[in-house]
Amino acid sequence: MGDKSKNPMAPFTIYFTISPNDTIHLDKLNITLVPMHNEIAPCNSSCSCQDCQSSCKPLPPDVPPQKWSILGFDPVIFIVSCVYCAFVIVFGSVHIWIYFYCPPPDKSWPLNDSTTAAKDDDCAYMRDVAPGCYDRFQVRTEEFFEHKFRIWGHFCARHLVVVPSTCVVICVALAAGLAFFQVTSDPVELWSAPDSQARQEKNYFDNNFSPFYRTEMLIITAKNGSLWWKKDLGEGTGGHLYGPVLRKEILHEVLDLQTSIEDLVAYSEKLHRNVTLEDICFSPLKPDNPNCTIMSVLNYFQNDHAKIDAVIVDSEGFWNDADYTSHFSICAKDPLTVNDLNMQGTNLSCLAEFGGPVMPWVALGGYPGDNYENATALVVTFVVNNFKNETFQEMATTWEAKYLELLHRFQGDNITVNYSAERSIQDELNRESQSDVFTVLISYCVMFLYISIALGNYNSLSRLLVDSKVLLGLSGVVIVLVSVVSSIGFFSYIRIPATLIIIEVVPFLVLAVGVDNIFILVQTFDRYKPKPGETTEEQVAHVVGKVGPSMLLTSLSESLAFFLGALTTMPAVRVFSLYAAMALFIDFLLQMSCFVCLLTIDAKRREVGRFEIACCKKTSVPPQVSNGGYLYYLIKEFYAPFLLNKVVRPIVMFVFVTWICVCAAVMNKVEIGLDQKLSMPEDSYVLRYFYAMEEYLSVGSPVYFVVEGGHNYTTVAGQNQICGGSGCPDNSLLGQVYQATRRSNSSYISYPPSSWLDDYFDWVSPGSGCCRTFKGNSSFCPSSDDRSDCEPCNITHVQQKRPEGEDFVRFLPWFLADNPGISCPKGGHAAYGSAVKLLRNDSLIGATYFMTYHSILRTSNDFIEALRYARELGFNITRTLSRWNATDDALSNGQTASSLSSDSERVTPVVFPYSIFYVFYEQYLTIVNQTVFNLGLSMAAIFGMTFILLGFDLWTAIIIIVVIAMILLSMFGLMFFWSVSLNALSLVNLVMTVGIAVEFCSHVTRAFAISGFPTRLSRAYHAITHMGSSVLSGITLTKLVGIFVLAFSKSQLFRVFYFRMYFGIVLFGACHGLIFLPVLLSYCGPFVNYARLNRHLRNSPSENAPIASDRRSESQSALVGHVDDGEANRS
């Protein structure tokens, strides 16, 4: 810059000395220089804040956001604590009052259901109670569904060929849709809705400029990580500490690695051609300069070993005046230096081979503050284009595969390399999925084995091969899998692509629901005591009529809940909800048709004593009366009496309410986001790269502030709204972004933005010597052209030393095409070639952008807050521009600024921020609202369906929803205490929780509601006895044995979002459905339905009590608690 022979703007040779110190002592001349300060040349009003710190207005103090509190306490904790205290006081007081002042009656209703209501004298007085219209309507609804299912069950049991054949034909037709099967693997399509703000902004950026580059990055550290001391150059006696990666041997080794990467040649089998880095890299000066963009400190030396070794010795040969460390210091402080005068005779520039600058905060890492000399890491970034055509993508991925192959083999002598390519994450996810296939298969095999064994009813060894139901269990599992395949085929027909989440989650969900229904259907049939002369078909019809409405209730509730869940805007959740809803619906239809036929065939086989596997063989041992199984016996004789004991019930209520209150208090403290490290296998090189990023990187992703097309740059007023240099207001676009950099801790914007507009003003200024035309034809003369027939541009429309009007548009394309060099470092081709969209043959300015960098973002919260602040900043800039435009229009029409209406300020935003990660993290700005919407809609659907199918039984529907809500709260508590964040994956699992919770709650609650016993306690005992064993042996134990296998997965993602959450779903569902729900029903279940009670009083014993038992244990006699005693007396 100060070389008079090379810079015509230098009046004489000027030696620039760059130093951060307040004074500079020149030993040769023995003088001390004082840099210009505001005391010598104070800033005037025309200086911008970016040009002169003294002109910056003081920043207002940071005001931390005020958090809502109640009496100084967290409001959620305070409210939950008040609710809990109220519950303890009320519930405890009622129990104490009843215990001391309400003695138990002389008689209590027997909990053992062996004695039917019709033959118990205690019920005689109830026969005279006239049921109300509401009671009769509920019973008629129940009888209607039972009658229809009984007819359907009898039809299926009689047509053992037609029904299964029809099912097979329909399922094959649906499965044929797999020919059109597609899987969405593009993360943008998976996590961002097409009409979302981030997606639209990304599309706008890609269409007007180009898609964001593919990044191949190396983070290099020295094996010897200690700082090293180097004596000052020249006559000085002092020295400086330098970072370990700035040793010369380290730089040479890194340059060798960098060169070997540049020389890579990959072969594409698909394209039948070689691919090199030059074929795919971003070359900003192409075709003038074909060199690829490589952000590396080696480019301070133009990637030349000789230039690293260059040393400038004083004239007497006693000491070194300059070497690679002094050149590094010059370039780190001013990357735009085109000639390091300290390295005289070498023409050593700081500009990279590709023609642009390399910012030190991009190429260095692990340094304190801005002390680049102490860097502990080198960051080498190969910038690759990302054109979306298939051929280019094939070329890029092929070269990246070769690049990764080289780095996998690389072993440095003095350096450690952490690396990544654009394709690395997808490659590792695919590898992770393949490695976990074995784990998932083992999980499902364990569940299949359990189902096949547990479904049998083993009464004696002599009939073991007859009473087993291995084939029936496997048939039920096959039906579940067929329903999943049919669902995938159906949506493949209508071109809704699947996702990996569907393949991993939907089978788990459908298996959970399907297995539960299978166990209920089979075990109810096993416990059924047939009437004399009743055929197998009639027995099956009776069982289907009894449990069919319950299966209809759960299946339709779940399907409707998932179908409504598809209304969400999150693509991954939407597609999961659609596939899950259809799979559950098809599974229900197959169970009510095909599986009923299989159940009938299996019953007939056991009736004649044929073996299950070798069906040609029979046994002569007669069948024994079923005792319901050992699990049924344990629940009936031990668990239910203990749970419903008058001492245990209040303890259960206190424990569960305490836990739910704790979960509610921490629910809003669940972390939001997804740590990208969790997505990688523990042995992945990408995981090591992520850790290196967090430790060493000093700058985050680039962020572009995009000005949409339509802004007027040709007027001074329009320029002032954007520019950031001399004469520009502080509230311009660049002024506001610069102010944000002064609060980088809260704004997450770390460096001032680059401005093509301000550099264009400098380039076009008459004294710069940059803007030139050929004398003959007035065409553009590049600043690097040394011919003498060029003259300065003739700019006629100038105001405030800026071009305006036609001149602004005329010379702008020349600025964007001019390569930077020694004579004109302001040429905009390298830095701004793609920053301005020119339209109509370069006569109109379209969209433009101004680039800066986010600060280093380490956690999900950092990414979310960076996006949030950038959005707010973009909105504020847009609002400022809108007010300016409205004011200018009003003033031009003779109005005053004060007369403007507020409506004139509300215009469509024209400025927005864009960064590569916005499209992935935008979902977290609304994830809470999406969670409330999805879960609320699913629960509303379940409530509505339960209310209708139970004959408009409002209280029962409310109880089911309350227990489901408690299970959801428990899941949020698990997420807080077990470090599971809220994101799309966990939201899918929470939506699934609602569906599975229905299985744990609805069967038991419906059994309670339709029970013919007079007291809540006896009905609770009846419900938990007859449905509890099926729920426990079905969905609970089946899923637990499979879930524990997932704990051994190598994938962190599987262990966190599948093992932990699946385990929580089953654990909390079982605890609430089998422990809390019966106790809750015994306290506040729906009142007895007198119409239903009278019907039970008229029915025979066999219909009421499927399993007879003549004994009544003492424990059952003592079960009636004081709370239900009052109800019995009132009845």
# chains A, B, ... in the order shown; residues from 1 in each chain; ligands from 1

$ residues_around --residues "Leu1032 (chain A)" --least-positions-apart "2" --cutoff "9 Å" --atoms "only C-alpha atoms" --output "ChimeraX atom specification"
/A:516,631,1000,1027-1030,1034-1038,1070,1074

$ write_last_selection --atoms "all heavy atoms" --output "mmCIF file, in the first residue's frame"
data_model
loop_
_atom_site.group_PDB
_atom_site.id
_atom_site.type_symbol
_atom_site.label_atom_id
_atom_site.label_comp_id
_atom_site.auth_asym_id
_atom_site.auth_seq_id
_atom_site.Cartn_x
_atom_site.Cartn_y
_atom_site.Cartn_z
ATOM 1 N N ASP A 516 -51.626 -55.954 22.797
ATOM 2 C CA ASP A 516 -52.568 -55.761 23.901
ATOM 3 C C ASP A 516 -53.939 -56.302 23.522
ATOM 4 O O ASP A 516 -54.588 -57.010 24.302
ATOM 5 C CB ASP A 516 -52.639 -54.277 24.249
ATOM 6 C CG ASP A 516 -53.276 -54.049 25.605
ATOM 7 O OD1 ASP A 516 -53.077 -54.880 26.506
ATOM 8 O OD2 ASP A 516 -53.989 -53.045 25.760
ATOM 9 N N LEU A 631 -50.966 -65.576 36.115
ATOM 10 C CA LEU A 631 -50.954 -64.130 36.309
ATOM 11 C C LEU A 631 -52.323 -63.631 36.736
ATOM 12 O O LEU A 631 -52.439 -62.767 37.618
ATOM 13 C CB LEU A 631 -50.511 -63.435 35.011
ATOM 14 C CG LEU A 631 -50.099 -61.967 35.127
ATOM 15 C CD1 LEU A 631 -48.951 -61.800 36.119
ATOM 16 C CD2 LEU A 631 -49.687 -61.417 33.753
ATOM 17 N N PHE A 1000 -53.473 -48.570 28.169
ATOM 18 C CA PHE A 1000 -53.346 -48.811 29.609
ATOM 19 C C PHE A 1000 -54.571 -48.359 30.386
ATOM 20 O O PHE A 1000 -54.823 -48.865 31.476
ATOM 21 C CB PHE A 1000 -52.104 -48.090 30.144
ATOM 22 C CG PHE A 1000 -50.804 -48.738 29.785
ATOM 23 C CD1 PHE A 1000 -49.980 -48.192 28.815
ATOM 24 C CD2 PHE A 1000 -50.412 -49.910 30.397
ATOM 25 C CE1 PHE A 1000 -48.771 -48.780 28.483
ATOM 26 C CE2 PHE A 1000 -49.208 -50.522 30.073
ATOM 27 C CZ PHE A 1000 -48.389 -49.954 29.105
ATOM 28 N N MET A 1027 -59.236 -57.234 33.462
ATOM 29 C CA MET A 1027 -58.488 -56.562 32.410
ATOM 30 C C MET A 1027 -57.014 -56.341 32.778
ATOM 31 O O MET A 1027 -56.166 -56.252 31.914
ATOM 32 C CB MET A 1027 -59.124 -55.211 32.071
ATOM 33 C CG MET A 1027 -60.320 -55.321 31.155
ATOM 34 S SD MET A 1027 -59.853 -55.977 29.532
ATOM 35 C CE MET A 1027 -61.462 -56.120 28.763
ATOM 36 N N GLY A 1028 -56.740 -56.240 34.071
ATOM 37 C CA GLY A 1028 -55.374 -55.944 34.494
ATOM 38 C C GLY A 1028 -54.373 -56.995 34.073
ATOM 39 O O GLY A 1028 -53.259 -56.680 33.622
ATOM 40 N N SER A 1029 -54.750 -58.274 34.184
ATOM 41 C CA SER A 1029 -53.811 -59.341 33.826
ATOM 42 C C SER A 1029 -53.503 -59.316 32.331
ATOM 43 O O SER A 1029 -52.360 -59.575 31.920
ATOM 44 C CB SER A 1029 -54.375 -60.700 34.230
ATOM 45 O OG SER A 1029 -55.626 -60.933 33.588
ATOM 46 N N SER A 1030 -54.522 -59.013 31.509
ATOM 47 C CA SER A 1030 -54.282 -58.949 30.060
ATOM 48 C C SER A 1030 -53.393 -57.776 29.701
ATOM 49 O O SER A 1030 -52.497 -57.888 28.855
ATOM 50 C CB SER A 1030 -55.616 -58.842 29.324
ATOM 51 O OG SER A 1030 -56.412 -59.980 29.536
ATOM 52 N N GLY A 1034 -49.844 -58.450 28.311
ATOM 53 C CA GLY A 1034 -49.830 -58.040 26.915
ATOM 54 C C GLY A 1034 -48.843 -56.925 26.659
ATOM 55 O O GLY A 1034 -47.647 -57.132 26.455
ATOM 56 N N ILE A 1035 -49.329 -55.706 26.713
ATOM 57 C CA ILE A 1035 -48.516 -54.566 26.311
ATOM 58 C C ILE A 1035 -47.341 -54.322 27.257
ATOM 59 O O ILE A 1035 -46.250 -53.955 26.817
ATOM 60 C CB ILE A 1035 -49.406 -53.295 26.203
ATOM 61 C CG1 ILE A 1035 -48.590 -52.116 25.662
ATOM 62 C CG2 ILE A 1035 -50.035 -52.951 27.533
ATOM 63 C CD1 ILE A 1035 -49.438 -50.904 25.377
ATOM 64 N N THR A 1036 -47.517 -54.562 28.563
ATOM 65 C CA THR A 1036 -46.478 -54.203 29.529
ATOM 66 C C THR A 1036 -45.252 -55.099 29.417
ATOM 67 O O THR A 1036 -44.137 -54.641 29.115
ATOM 68 C CB THR A 1036 -47.040 -54.256 30.964
ATOM 69 O OG1 THR A 1036 -48.214 -53.450 31.038
ATOM 70 C CG2 THR A 1036 -46.001 -53.741 31.947
ATOM 71 N N LEU A 1037 -45.431 -56.387 29.666
ATOM 72 C CA LEU A 1037 -44.286 -57.291 29.667
ATOM 73 C C LEU A 1037 -43.719 -57.480 28.265
ATOM 74 O O LEU A 1037 -42.505 -57.632 28.101
ATOM 75 C CB LEU A 1037 -44.699 -58.642 30.266
ATOM 76 C CG LEU A 1037 -45.133 -58.596 31.741
ATOM 77 C CD1 LEU A 1037 -45.510 -59.991 32.237
ATOM 78 C CD2 LEU A 1037 -44.017 -58.020 32.607
ATOM 79 N N THR A 1038 -44.608 -57.456 27.255
ATOM 80 C CA THR A 1038 -44.115 -57.605 25.883
ATOM 81 C C THR A 1038 -43.121 -56.506 25.534
ATOM 82 O O THR A 1038 -42.041 -56.751 24.988
ATOM 83 C CB THR A 1038 -45.283 -57.579 24.890
ATOM 84 O OG1 THR A 1038 -46.185 -58.638 25.202
ATOM 85 C CG2 THR A 1038 -44.778 -57.762 23.462
ATOM 86 N N ALA A 1070 -47.972 -48.482 32.676
ATOM 87 C CA ALA A 1070 -48.349 -49.616 33.525
ATOM 88 C C ALA A 1070 -48.647 -49.159 34.953
ATOM 89 O O ALA A 1070 -49.620 -49.605 35.577
ATOM 90 C CB ALA A 1070 -47.236 -50.656 33.517
ATOM 91 N N LEU A 1074 -52.383 -49.699 36.029
ATOM 92 C CA LEU A 1074 -52.588 -50.877 36.871
ATOM 93 C C LEU A 1074 -52.480 -50.585 38.358
ATOM 94 O O LEU A 1074 -52.819 -51.455 39.166
ATOM 95 C CB LEU A 1074 -51.572 -51.962 36.494
ATOM 96 C CG LEU A 1074 -51.617 -52.436 35.028
ATOM 97 C CD1 LEU A 1074 -50.535 -53.471 34.770
ATOM 98 C CD2 LEU A 1074 -52.986 -52.979 34.679
#

$ residues_around --residues "region 355-372 of chain A" --least-positions-apart "3" --cutoff "6 Å" --atoms "only C-alpha atoms" --output "PDB file with all heavy atoms, in the first residue's frame"
ATOM      1  N   MET A 295      -9.842 -21.711   2.812  1.00  0.00           N
ATOM      2  CA  MET A 295      -9.634 -20.830   3.954  1.00  0.00           C
ATOM      3  C   MET A 295      -8.595 -21.472   4.875  1.00  0.00           C
ATOM      4  O   MET A 295      -8.896 -22.377   5.643  1.00  0.00           O
ATOM      5  CB  MET A 295     -10.953 -20.605   4.699  1.00  0.00           C
ATOM      6  CG  MET A 295     -11.982 -19.845   3.886  1.00  0.00           C
ATOM      7  SD  MET A 295     -11.413 -18.174   3.518  1.00  0.00           S
ATOM      8  CE  MET A 295     -12.790 -17.544   2.583  1.00  0.00           C
ATOM      9  N   SER A 296      -7.358 -20.982   4.758  1.00  0.00           N
ATOM     10  CA  SER A 296      -6.248 -21.565   5.502  1.00  0.00           C
ATOM     11  C   SER A 296      -5.180 -20.504   5.693  1.00  0.00           C
ATOM     12  O   SER A 296      -4.957 -19.670   4.807  1.00  0.00           O
ATOM     13  CB  SER A 296      -5.679 -22.774   4.744  1.00  0.00           C
ATOM     14  OG  SER A 296      -4.443 -23.178   5.273  1.00  0.00           O
ATOM     15  N   VAL A 297      -4.486 -20.541   6.835  1.00  0.00           N
ATOM     16  CA  VAL A 297      -3.392 -19.592   7.045  1.00  0.00           C
ATOM     17  C   VAL A 297      -2.255 -19.847   6.071  1.00  0.00           C
ATOM     18  O   VAL A 297      -1.422 -18.963   5.838  1.00  0.00           O
ATOM     19  CB  VAL A 297      -2.864 -19.666   8.495  1.00  0.00           C
ATOM     20  CG1 VAL A 297      -3.901 -19.216   9.483  1.00  0.00           C
ATOM     21  CG2 VAL A 297      -2.380 -21.074   8.826  1.00  0.00           C
ATOM     22  N   ALA A 332      -2.679 -11.420   9.884  1.00  0.00           N
ATOM     23  CA  ALA A 332      -3.732 -11.641  10.875  1.00  0.00           C
ATOM     24  C   ALA A 332      -4.403 -10.338  11.267  1.00  0.00           C
ATOM     25  O   ALA A 332      -5.605 -10.305  11.569  1.00  0.00           O
ATOM     26  CB  ALA A 332      -3.155 -12.337  12.101  1.00  0.00           C
ATOM     27  N   PRO A 335      -5.894  -8.741   6.778  1.00  0.00           N
ATOM     28  CA  PRO A 335      -5.868  -9.789   5.745  1.00  0.00           C
ATOM     29  C   PRO A 335      -5.925  -9.250   4.324  1.00  0.00           C
ATOM     30  O   PRO A 335      -5.669  -9.992   3.380  1.00  0.00           O
ATOM     31  CB  PRO A 335      -7.122 -10.617   6.056  1.00  0.00           C
ATOM     32  CG  PRO A 335      -7.485 -10.273   7.470  1.00  0.00           C
ATOM     33  CD  PRO A 335      -7.054  -8.862   7.669  1.00  0.00           C
ATOM     34  N   LEU A 336      -6.253  -7.955   4.153  1.00  0.00           N
ATOM     35  CA  LEU A 336      -6.339  -7.379   2.819  1.00  0.00           C
ATOM     36  C   LEU A 336      -5.009  -6.806   2.334  1.00  0.00           C
ATOM     37  O   LEU A 336      -4.945  -6.210   1.252  1.00  0.00           O
ATOM     38  CB  LEU A 336      -7.411  -6.291   2.781  1.00  0.00           C
ATOM     39  CG  LEU A 336      -8.864  -6.786   2.924  1.00  0.00           C
ATOM     40  CD1 LEU A 336      -9.802  -5.618   3.116  1.00  0.00           C
ATOM     41  CD2 LEU A 336      -9.272  -7.603   1.718  1.00  0.00           C
ATOM     42  N   LEU A 351      -3.255 -11.797   0.488  1.00  0.00           N
ATOM     43  CA  LEU A 351      -4.389 -12.342  -0.243  1.00  0.00           C
ATOM     44  C   LEU A 351      -4.097 -13.777  -0.651  1.00  0.00           C
ATOM     45  O   LEU A 351      -2.966 -14.131  -1.014  1.00  0.00           O
ATOM     46  CB  LEU A 351      -4.688 -11.497  -1.478  1.00  0.00           C
ATOM     47  CG  LEU A 351      -5.210 -10.077  -1.217  1.00  0.00           C
ATOM     48  CD1 LEU A 351      -5.450  -9.365  -2.528  1.00  0.00           C
ATOM     49  CD2 LEU A 351      -6.478 -10.101  -0.380  1.00  0.00           C
ATOM     50  N   ALA A 352      -5.132 -14.596  -0.620  1.00  0.00           N
ATOM     51  CA  ALA A 352      -4.963 -16.015  -0.926  1.00  0.00           C
ATOM     52  C   ALA A 352      -4.790 -16.235  -2.415  1.00  0.00           C
ATOM     53  O   ALA A 352      -5.011 -15.343  -3.237  1.00  0.00           O
ATOM     54  CB  ALA A 352      -6.174 -16.788  -0.413  1.00  0.00           C
ATOM     55  N   ALA A 375      -2.718 -18.951  18.827  1.00  0.00           N
ATOM     56  CA  ALA A 375      -3.677 -19.952  18.349  1.00  0.00           C
ATOM     57  C   ALA A 375      -3.172 -21.365  18.630  1.00  0.00           C
ATOM     58  O   ALA A 375      -1.981 -21.659  18.489  1.00  0.00           O
ATOM     59  CB  ALA A 375      -3.921 -19.767  16.856  1.00  0.00           C
ATOM     60  N   THR A 376      -4.094 -22.227  19.018  1.00  0.00           N
ATOM     61  CA  THR A 376      -3.750 -23.623  19.302  1.00  0.00           C
ATOM     62  C   THR A 376      -4.311 -24.573  18.254  1.00  0.00           C
ATOM     63  O   THR A 376      -4.134 -25.793  18.372  1.00  0.00           O
ATOM     64  CB  THR A 376      -4.270 -24.037  20.684  1.00  0.00           C
ATOM     65  OG1 THR A 376      -5.689 -23.821  20.732  1.00  0.00           O
ATOM     66  CG2 THR A 376      -3.605 -23.223  21.780  1.00  0.00           C
ATOM     67  N   ALA A 377      -4.988 -24.042  17.259  1.00  0.00           N
ATOM     68  CA  ALA A 377      -5.554 -24.898  16.213  1.00  0.00           C
ATOM     69  C   ALA A 377      -5.551 -24.151  14.888  1.00  0.00           C
ATOM     70  O   ALA A 377      -5.719 -22.929  14.844  1.00  0.00           O
ATOM     71  CB  ALA A 377      -6.971 -25.334  16.571  1.00  0.00           C
ATOM     72  N   LEU A 378      -5.318 -24.885  13.831  1.00  0.00           N
ATOM     73  CA  LEU A 378      -5.476 -24.382  12.472  1.00  0.00           C
ATOM     74  C   LEU A 378      -6.764 -24.961  11.897  1.00  0.00           C
ATOM     75  O   LEU A 378      -7.046 -26.153  12.060  1.00  0.00           O
ATOM     76  CB  LEU A 378      -4.294 -24.781  11.592  1.00  0.00           C
ATOM     77  CG  LEU A 378      -2.907 -24.277  12.006  1.00  0.00           C
ATOM     78  CD1 LEU A 378      -1.855 -24.797  11.028  1.00  0.00           C
ATOM     79  CD2 LEU A 378      -2.872 -22.761  12.060  1.00  0.00           C
ATOM     80  N   VAL A 379      -7.523 -24.112  11.232  1.00  0.00           N
ATOM     81  CA  VAL A 379      -8.774 -24.541  10.612  1.00  0.00           C
ATOM     82  C   VAL A 379      -8.625 -24.382   9.106  1.00  0.00           C
ATOM     83  O   VAL A 379      -8.423 -23.271   8.611  1.00  0.00           O
ATOM     84  CB  VAL A 379      -9.974 -23.724  11.122  1.00  0.00           C
ATOM     85  CG1 VAL A 379     -11.262 -24.223  10.491  1.00  0.00           C
ATOM     86  CG2 VAL A 379     -10.058 -23.793  12.649  1.00  0.00           C
ATOM     87  N   TYR A 696     -12.257 -25.445  19.793  1.00  0.00           N
ATOM     88  CA  TYR A 696     -11.280 -24.611  19.092  1.00  0.00           C
ATOM     89  C   TYR A 696     -11.880 -23.522  18.211  1.00  0.00           C
ATOM     90  O   TYR A 696     -11.252 -22.468  18.057  1.00  0.00           O
ATOM     91  CB  TYR A 696     -10.366 -25.492  18.226  1.00  0.00           C
ATOM     92  CG  TYR A 696      -9.520 -26.453  19.020  1.00  0.00           C
ATOM     93  CD1 TYR A 696      -9.743 -27.821  18.973  1.00  0.00           C
ATOM     94  CD2 TYR A 696      -8.500 -25.988  19.845  1.00  0.00           C
ATOM     95  CE1 TYR A 696      -8.969 -28.705  19.707  1.00  0.00           C
ATOM     96  CE2 TYR A 696      -7.723 -26.864  20.587  1.00  0.00           C
ATOM     97  CZ  TYR A 696      -7.962 -28.228  20.510  1.00  0.00           C
ATOM     98  OH  TYR A 696      -7.194 -29.087  21.245  1.00  0.00           O
ATOM     99  N   LEU A 697     -13.022 -23.752  17.602  1.00  0.00           N
ATOM    100  CA  LEU A 697     -13.517 -22.759  16.646  1.00  0.00           C
ATOM    101  C   LEU A 697     -13.793 -21.427  17.328  1.00  0.00           C
ATOM    102  O   LEU A 697     -14.288 -21.384  18.461  1.00  0.00           O
ATOM    103  CB  LEU A 697     -14.777 -23.261  15.952  1.00  0.00           C
ATOM    104  CG  LEU A 697     -14.602 -24.338  14.890  1.00  0.00           C
ATOM    105  CD1 LEU A 697     -15.843 -24.437  14.021  1.00  0.00           C
ATOM    106  CD2 LEU A 697     -13.384 -24.105  14.016  1.00  0.00           C
ATOM    107  N   SER A 698     -13.472 -20.360  16.620  1.00  0.00           N
ATOM    108  CA  SER A 698     -13.615 -19.015  17.172  1.00  0.00           C
ATOM    109  C   SER A 698     -14.739 -18.238  16.529  1.00  0.00           C
ATOM    110  O   SER A 698     -15.021 -17.108  16.929  1.00  0.00           O
ATOM    111  CB  SER A 698     -12.302 -18.239  16.994  1.00  0.00           C
ATOM    112  OG  SER A 698     -11.229 -18.931  17.596  1.00  0.00           O
ATOM    113  N   ALA A 830     -14.045 -10.910  -6.125  1.00  0.00           N
ATOM    114  CA  ALA A 830     -13.802 -12.020  -5.193  1.00  0.00           C
ATOM    115  C   ALA A 830     -14.786 -12.013  -4.036  1.00  0.00           C
ATOM    116  O   ALA A 830     -15.342 -13.050  -3.668  1.00  0.00           O
ATOM    117  CB  ALA A 830     -12.374 -11.939  -4.669  1.00  0.00           C
TER     118      ALA A 830
END

$ select_by_dssp --residues "region 669-913 of chain A" --states "strand (DSSP E or B)" --output "number ranges by chain"
A: 672, 681, 697, 702-707, 749, 772-774, 780-781, 790-792, 798-799, 802-803, 836-839, 844-854, 911-913

$ closest_residue --among "A:Gly767, A:Gly476, A:Gly874, A:Pro284" --to "Gly828 (chain A)" --atoms "only C-alpha atoms"
A:Pro284

$ residues_around --residues "Lys388 (chain A)" --least-positions-apart "2" --cutoff "12 Å" --atoms "only C-alpha atoms" --output "PyMOL selection string"
chain A and resi 206-207+210-214+385-386+390-396

$ select_by_dssp --residues "region 454-529 of chain A" --states "alpha helix (DSSP H)" --output "MDAnalysis selection string"
chainID A and resid 454 464:467 470:493 500:527

$ write_last_selection --atoms "C-alpha atoms" --output "short mmCIF file (atom, residue, chain, number, x, y, z; two decimals), in the first residue's frame"
data_model
loop_
_atom_site.label_atom_id
_atom_site.label_comp_id
_atom_site.auth_asym_id
_atom_site.auth_seq_id
_atom_site.Cartn_x
_atom_site.Cartn_y
_atom_site.Cartn_z
CA ALA A 454 -47.05 -66.07 27.08
CA LEU A 464 -48.58 -78.67 26.94
CA LEU A 465 -48.40 -79.12 23.16
CA VAL A 466 -52.16 -78.70 22.89
CA ASP A 467 -52.64 -75.65 25.09
CA VAL A 470 -47.13 -70.36 19.53
CA LEU A 471 -48.56 -70.31 16.02
CA LEU A 472 -51.50 -68.18 17.09
CA GLY A 473 -49.12 -65.70 18.72
CA LEU A 474 -46.90 -65.58 15.64
CA SER A 475 -50.00 -65.09 13.52
CA GLY A 476 -50.93 -62.10 15.64
CA VAL A 477 -47.44 -60.66 15.18
CA VAL A 478 -47.66 -61.24 11.42
CA ILE A 479 -50.95 -59.35 11.37
CA VAL A 480 -49.25 -56.44 13.09
CA LEU A 481 -46.44 -56.42 10.53
CA VAL A 482 -48.91 -56.75 7.64
CA SER A 483 -50.84 -53.74 8.92
CA VAL A 484 -47.62 -51.68 8.97
CA VAL A 485 -46.71 -52.80 5.43
CA SER A 486 -50.26 -52.08 4.23
CA SER A 487 -50.13 -48.61 5.70
CA ILE A 488 -46.81 -47.89 3.98
CA GLY A 489 -48.20 -49.24 0.71
CA PHE A 490 -51.34 -47.12 0.97
CA PHE A 491 -49.44 -43.87 1.41
CA SER A 492 -46.94 -44.91 -1.26
CA TYR A 493 -49.87 -45.03 -3.68
CA LEU A 500 -36.73 -43.42 8.86
CA ILE A 501 -38.74 -42.48 11.95
CA ILE A 502 -41.71 -44.42 10.56
CA ILE A 503 -39.64 -47.53 10.04
CA GLU A 504 -38.25 -47.30 13.59
CA VAL A 505 -41.29 -46.12 15.58
CA VAL A 506 -44.53 -47.24 13.87
CA PRO A 507 -43.87 -51.00 14.27
CA PHE A 508 -43.21 -50.45 17.97
CA LEU A 509 -46.48 -48.53 18.35
CA VAL A 510 -48.64 -50.95 16.36
CA LEU A 511 -47.07 -53.95 18.06
CA ALA A 512 -47.83 -52.43 21.46
CA VAL A 513 -51.48 -51.80 20.61
CA GLY A 514 -51.92 -54.97 18.59
CA VAL A 515 -50.40 -57.27 21.17
CA ASP A 516 -52.57 -55.76 23.90
CA ASN A 517 -55.72 -56.48 21.89
CA ILE A 518 -54.51 -59.99 21.08
CA PHE A 519 -53.94 -60.83 24.75
CA ILE A 520 -57.30 -59.38 25.75
CA LEU A 521 -59.13 -61.34 23.05
CA VAL A 522 -57.35 -64.66 23.66
CA GLN A 523 -57.36 -64.51 27.46
CA THR A 524 -61.01 -63.48 27.60
CA PHE A 525 -61.81 -66.49 25.46
CA ASP A 526 -59.74 -68.76 27.71
CA ARG A 527 -61.58 -67.50 30.81
#

$ atom_distance --atom1 "CA of Pro1086 (chain A)" --atom2 "CA of Pro650 (chain A)"
18.9 Å

$ residues_around --residues "region 730-732 of chain A" --least-positions-apart "6" --cutoff "10 Å" --atoms "only C-alpha atoms" --output "ChimeraX atom specification"
/A:48-50,55-57,718-724,738-739,876-877,880-881
